[in-house]
$ cat my_file.txt   # compact mmCIF, C-alpha atoms and all ligand atoms
# COMPACT_ATOMS: atom_id res chain seq x y z
CA MET S 1 19.64 2.79 -3.78
CA ILE S 2 17.27 1.05 -6.16
CA THR S 3 16.15 2.98 -9.22
CA LEU S 4 12.65 3.26 -10.60
CA GLU S 5 13.82 1.45 -13.71
CA GLN S 6 15.07 -1.47 -11.62
CA VAL S 7 11.72 -1.66 -9.85
CA ARG S 8 9.98 -1.66 -13.21
CA GLN S 9 12.24 -4.33 -14.66
CA ARG S 10 11.73 -6.53 -11.63
CA ALA S 11 7.96 -6.22 -11.91
CA GLU S 12 8.07 -6.87 -15.66
CA ALA S 13 10.18 -9.99 -15.20
CA ASP S 14 7.86 -11.27 -12.51
CA ALA S 15 4.78 -10.59 -14.62
CA LYS S 16 6.33 -12.46 -17.51
CA THR S 17 7.23 -15.44 -15.35
CA TYR S 18 3.65 -15.83 -14.16
CA GLY S 19 1.88 -14.91 -17.39
CA TYR S 20 0.60 -11.58 -16.10
CA TYR S 21 0.84 -8.05 -17.45
CA LEU S 22 1.61 -4.75 -15.81
CA ASN S 23 -1.18 -2.20 -15.75
CA PRO S 24 -1.35 -0.61 -19.22
CA ASN S 25 -2.05 2.87 -17.82
CA GLN S 26 1.48 4.25 -17.73
CA ASP S 27 0.80 7.10 -15.28
CA PHE S 28 -1.00 4.77 -12.94
CA LEU S 29 1.78 2.20 -13.26
CA LYS S 30 4.47 4.80 -12.55
CA ASP S 31 2.72 5.84 -9.34
CA LEU S 32 2.64 2.25 -8.13
CA LEU S 33 6.28 1.63 -9.02
CA GLU S 34 7.28 4.81 -7.19
CA GLY S 35 5.33 3.57 -4.19
CA LEU S 36 7.21 0.28 -4.25
CA LYS S 37 10.53 2.08 -4.58
CA ARG S 38 9.77 4.36 -1.69
CA ASN S 39 8.66 1.49 0.53
CA GLU S 40 11.82 -0.43 -0.30
CA GLU S 41 13.92 2.58 0.67
CA ARG S 42 11.92 3.08 3.84
CA TYR S 43 11.62 -0.50 5.08
CA GLY S 44 14.32 -2.35 3.20
CA TYR S 45 11.74 -4.38 1.27
CA PRO S 46 9.11 -3.45 -1.32
CA SER S 47 5.92 -3.67 0.69
CA CYS S 48 2.63 -3.15 -1.10
CA PRO S 49 2.08 0.51 -2.06
CA CYS S 50 -1.65 0.24 -1.29
CA ARG S 51 -1.37 -1.22 2.21
CA LEU S 52 -0.09 -0.17 5.60
CA ALA S 53 3.18 -1.90 6.49
CA SER S 54 4.38 -2.32 10.06
CA GLY S 55 8.07 -2.10 9.26
CA ASN S 56 8.62 -5.59 10.70
CA PHE S 57 9.80 -7.87 7.91
CA ASP S 58 8.32 -11.07 9.31
CA PHE S 59 4.98 -9.47 9.97
CA ASP S 60 4.88 -7.75 6.58
CA ARG S 61 6.06 -10.79 4.66
CA ASP S 62 2.60 -11.46 3.18
CA ILE S 63 2.42 -7.96 1.63
CA ILE S 64 5.90 -7.81 0.13
CA CYS S 65 5.36 -7.43 -3.59
CA PRO S 66 4.33 -9.68 -5.17
CA CYS S 67 2.13 -10.36 -2.18
CA ASP S 68 0.62 -13.67 -1.11
CA TYR S 69 -2.75 -12.49 -2.37
CA ARG S 70 -1.81 -11.57 -5.90
CA ASP S 71 -2.41 -14.88 -7.63
CA PRO S 72 -5.91 -15.56 -6.28
CA ASP S 73 -6.86 -11.92 -6.89
CA VAL S 74 -5.64 -11.90 -10.49
CA GLN S 75 -7.38 -15.20 -11.07
CA GLU S 76 -10.69 -14.11 -9.54
CA PHE S 77 -10.82 -10.37 -10.25
CA GLY S 78 -8.39 -9.92 -13.13
CA ALA S 79 -5.99 -7.77 -11.11
CA CYS S 80 -4.06 -7.69 -7.86
CA TYR S 81 -5.33 -5.46 -5.04
CA CYS S 82 -3.37 -2.44 -6.32
CA ALA S 83 -3.95 -3.35 -9.98
CA LEU S 84 -0.21 -3.43 -10.64
CA TYR S 85 -0.50 -6.93 -12.11
CA VAL S 86 -3.41 -7.64 -14.41
CA ARG S 87 -4.71 -10.54 -16.43
CA LYS S 88 -4.35 -10.61 -20.22
CA ASP S 89 -8.01 -9.81 -20.91
CA VAL S 90 -7.81 -6.80 -18.61
CA PHE S 91 -4.54 -5.68 -20.19
CA GLU S 92 -6.15 -5.87 -23.62
CA GLY S 93 -9.18 -3.88 -22.48
CA LYS S 94 -11.61 -6.77 -23.04
CA THR S 95 -12.54 -6.87 -19.36
CA PRO S 96 -12.85 -3.67 -17.32
CA LEU S 97 -10.88 -3.26 -14.12
CA GLN S 98 -13.03 -3.76 -11.08
CA PRO S 99 -12.44 -3.02 -7.39
CA VAL S 100 -10.58 -5.85 -5.69
CA PRO S 101 -11.67 -6.57 -2.12
CA GLU S 102 -8.95 -6.83 0.53
CA ARG S 103 -7.95 -10.44 1.03
CA ARG S 104 -5.42 -9.76 3.79
CA PRO S 105 -6.92 -10.95 7.10
CA LEU S 106 -8.48 -8.15 9.10
CA GLU S 107 -6.47 -9.07 12.19
CA LYS S 108 -3.24 -8.45 10.28
CA GLN S 109 -4.51 -5.07 9.07
CA VAL S 110 -5.45 -4.12 12.63
CA ARG S 111 -2.14 -5.29 14.06
CA ALA S 112 -0.22 -3.34 11.42
CA TYR S 113 -2.18 -0.24 12.33
CA GLU S 114 -1.61 -0.84 16.05
CA THR S 115 2.11 -1.31 15.51
CA VAL S 116 2.37 1.97 13.65
CA SER S 117 0.18 3.73 16.23
CA VAL S 118 2.19 2.43 19.18
CA SER S 119 5.37 3.56 17.51
CA ALA S 120 3.89 7.04 17.03
CA GLU S 121 2.73 7.14 20.65
CA LYS S 122 6.16 6.14 21.93
CA LYS S 123 7.72 8.98 19.98
CA ALA S 124 5.16 11.37 21.43
CA GLU S 125 5.79 10.04 24.96
CA THR S 126 9.50 10.62 24.53
CA ALA S 127 8.84 14.13 23.37
CA THR S 128 6.50 14.66 26.31
CA ALA S 129 9.04 13.41 28.82
CA THR S 130 11.62 15.73 27.39
CA ALA S 131 9.35 18.73 27.44
CA ARG S 132 7.63 17.71 30.72
CA THR S 133 4.35 18.95 29.32
CA PRO S 134 1.21 17.16 28.15
CA SER S 135 1.40 16.21 24.54
CA ALA S 136 -0.80 14.90 21.82
CA VAL S 137 -0.40 12.23 19.20
CA LYS S 138 -1.64 13.18 15.79
CA GLN S 139 -2.84 10.26 13.75
CA LYS S 140 -3.56 10.75 10.11
CA LEU S 141 -6.73 9.46 8.63
CA TRP S 142 -7.08 9.72 4.89
CA TYR S 143 -10.16 9.38 2.77
CA CYS S 144 -10.56 9.07 -0.94
CA LYS S 145 -12.62 11.93 -2.27
CA GLN S 146 -13.69 9.82 -5.21
CA CYS S 147 -15.10 6.73 -3.51
CA GLY S 148 -14.97 7.41 0.24
CA TYR S 149 -12.39 4.72 1.07
CA VAL S 150 -10.84 5.49 4.47
CA VAL S 151 -7.44 4.41 5.77
CA PHE S 152 -5.05 5.23 8.64
CA ARG S 153 -1.55 5.83 7.32
CA GLU S 154 1.37 8.19 7.74
CA GLU S 155 0.81 9.30 4.18
CA PRO S 156 -2.00 8.70 1.70
CA PRO S 157 -1.72 5.58 -0.46
CA TYR S 158 -0.30 6.06 -3.92
CA ILE S 159 -3.41 4.55 -5.41
CA CYS S 160 -6.85 4.04 -3.94
CA PRO S 161 -7.24 0.25 -3.75
CA ILE S 162 -10.96 0.54 -4.32
CA CYS S 163 -11.52 3.04 -7.13
CA LYS S 164 -7.89 3.42 -8.28
CA ALA S 165 -7.89 7.19 -7.81
CA LYS S 166 -4.45 8.75 -7.53
CA ARG S 167 -2.86 9.96 -4.30
CA GLU S 168 -3.93 13.54 -5.05
CA MET S 169 -7.55 12.48 -4.53
CA PHE S 170 -6.92 11.72 -0.85
CA ALA S 171 -7.72 14.29 1.79
CA GLU S 172 -6.56 14.19 5.39
CA ILE S 173 -8.69 14.13 8.51
CA THR S 174 -6.55 14.65 11.62
CA ILE S 175 -7.43 12.92 14.88
CA SER S 176 -5.67 14.03 18.07
CA MET S 177 -5.37 11.70 21.07
CA SER S 178 -4.52 13.27 24.43
CA MET S 179 -1.50 11.70 26.11
CA GLN S 180 -2.15 13.25 29.54
CA GLY S 181 -2.32 11.02 32.63
S1 LIG E 201 -1.44 -5.98 -4.38
FE1 LIG E 201 -0.22 -5.92 -6.25
S2 LIG E 201 1.20 -4.21 -5.92
FE2 LIG E 201 0.38 -4.76 -3.92
S3 LIG E 201 1.88 -6.21 -3.12
FE3 LIG E 201 0.25 -7.40 -4.10
S4 LIG E 201 1.05 -7.76 -6.13
FE4 LIG E 201 2.24 -6.07 -5.31
$ encode --input "my_file.txt" --output "structure tokens"
Amino acid sequence: MITLEQVRQRAEADAKTYGYYLNPNQDFLKDLLEGLKRNEERYGYPSCPCRLASGNFDFDRDIICPCDYRDPDVQEFGACYCALYVRKDVFEGKTPLQPVPERRPLEKQVRAYETVSVSAEKKAETATATARTPSAVKQKLWYCKQCGYVVFREEPPYICPICKAKREMFAEITISMSMQG
């Protein structure tokens, strides 16, 4: 099992190689590193802690950290989508962090969501067949109480990709889909 320190060292080495810096806010940084660690334990690879992964390595390849979008985001906005990697001027506080728009194609985001949803539905169908009673699939919708960002995920993101609020700022809205018929 990978340790948090190993995740940190890997990110530090990568930042150094590319001339980037890790986010100077240590609490914020720790949350992101814990998210990477948890995703690596869950999926077998460190998918982005701010995005929904499908669990399929080939499909998620573009969001395995460091993701395909990091370099253009750091160049244009001074930070990657999660703000794990930042540019020197941001690290030094000369340029404020700003929200980074999602560069991952919308169709990939939708397909990742569909993959996770289908998987949840299959589990519910299995449970229904076993119980021989109608069932319901509960899908979790989270919103950031600070900026209103909304995302479907099993669990809230570690960091809001828009306003950088911590996980605790996310509240759940539960949507139930009937599986009868
Ligand atoms: S947005 Fe940042 S933390 Fe997320 S995968 Fe890309 S480089 Fe890693």
$ residues_near_ligand --input "my_file.txt" --ligand "ligand LIG 201 (chain E)" --cutoff "10 Å" --atoms "all atoms listed in the file" --output "count of residues only"
42
$ atom_distance --input "my_file.txt" --atom1 "CA of Pro24 (chain S)" --atom2 "CA of Gln98 (chain S)"
14.6 Å
$ closest_atom_pairs --input "my_file.txt" --of "region 22-121 of chain S" --to "region 1-4 of chain S" --cutoff "9 Å" --atoms "only C-alpha atoms" --output "Markdown table"
| residue | atom | partner | partner_atom | distance |
| --- | --- | --- | --- | --- |
| S:Lys30 | CA | S:Leu4 | CA | 8.5 |
| S:Leu33 | CA | S:Leu4 | CA | 6.8 |
| S:Glu34 | CA | S:Leu4 | CA | 6.5 |
| S:Leu36 | CA | S:Leu4 | CA | 8.9 |
| S:Lys37 | CA | S:Leu4 | CA | 6.5 |
| S:Glu40 | CA | S:Ile2 | CA | 8.1 |
| S:Glu41 | CA | S:Met1 | CA | 7.3 |
$ write_last_selection --input "my_file.txt" --atoms "C-alpha atoms" --output "short mmCIF file (atom, residue, chain, number, x, y, z; two decimals), in the frame of the given file"
data_model
loop_
_atom_site.label_atom_id
_atom_site.label_comp_id
_atom_site.auth_asym_id
_atom_site.auth_seq_id
_atom_site.Cartn_x
_atom_site.Cartn_y
_atom_site.Cartn_z
CA LYS S 30 4.47 4.80 -12.55
CA LEU S 33 6.28 1.63 -9.02
CA GLU S 34 7.28 4.81 -7.19
CA LEU S 36 7.21 0.28 -4.25
CA LYS S 37 10.53 2.08 -4.58
CA GLU S 40 11.82 -0.43 -0.30
CA GLU S 41 13.92 2.58 0.67
#
$ atom_distance --input "my_file.txt" --atom1 "CA of Phe91 (chain S)" --atom2 "CA of Gln75 (chain S)"
13.5 Å
$ closest_residue --input "my_file.txt" --among "S:Asn56, S:Val90, S:Cys147, S:Glu168" --to "Tyr20 (chain S)" --atoms "only C-alpha atoms"
S:Val90
$ closest_residue --input "my_file.txt" --among "S:Tyr158, S:Phe77, S:Phe59, S:Tyr143" --to "Tyr113 (chain S)" --atoms "only C-alpha atoms"
S:Phe59
$ residues_around --input "my_file.txt" --residues "Asp89 (chain S)" --least-positions-apart "5" --cutoff "10 Å" --atoms "all atoms listed in the file" --output "list in words"
Tyr21, Gly78, Lys94, Thr95, Pro96 and Leu97 of chain S
$ atom_distance --input "my_file.txt" --atom1 "CA of Lys145 (chain S)" --atom2 "CA of Ala171 (chain S)"
6.8 Å
$ closest_residue --input "my_file.txt" --among "S:Glu172, S:Glu76, S:Asp27, S:Asp58" --to "Arg153 (chain S)" --atoms "all atoms listed in the file"
S:Glu172
$ closest_residue --input "my_file.txt" --among "S:Gly55, S:Asn39, S:Tyr45, S:Arg87" --to "Pro157 (chain S)" --atoms "all atoms listed in the file"
S:Asn39
$ axis_aligned_box --input "my_file.txt" --around "region 88-92 of chain S" --padding-each-side "6 Å" --output "lines of an AutoDock Vina configuration file"
center_x = -6.2
center_y = -8.1
center_z = -21.1
size_x = 15.7
size_y = 16.9
size_z = 17.0
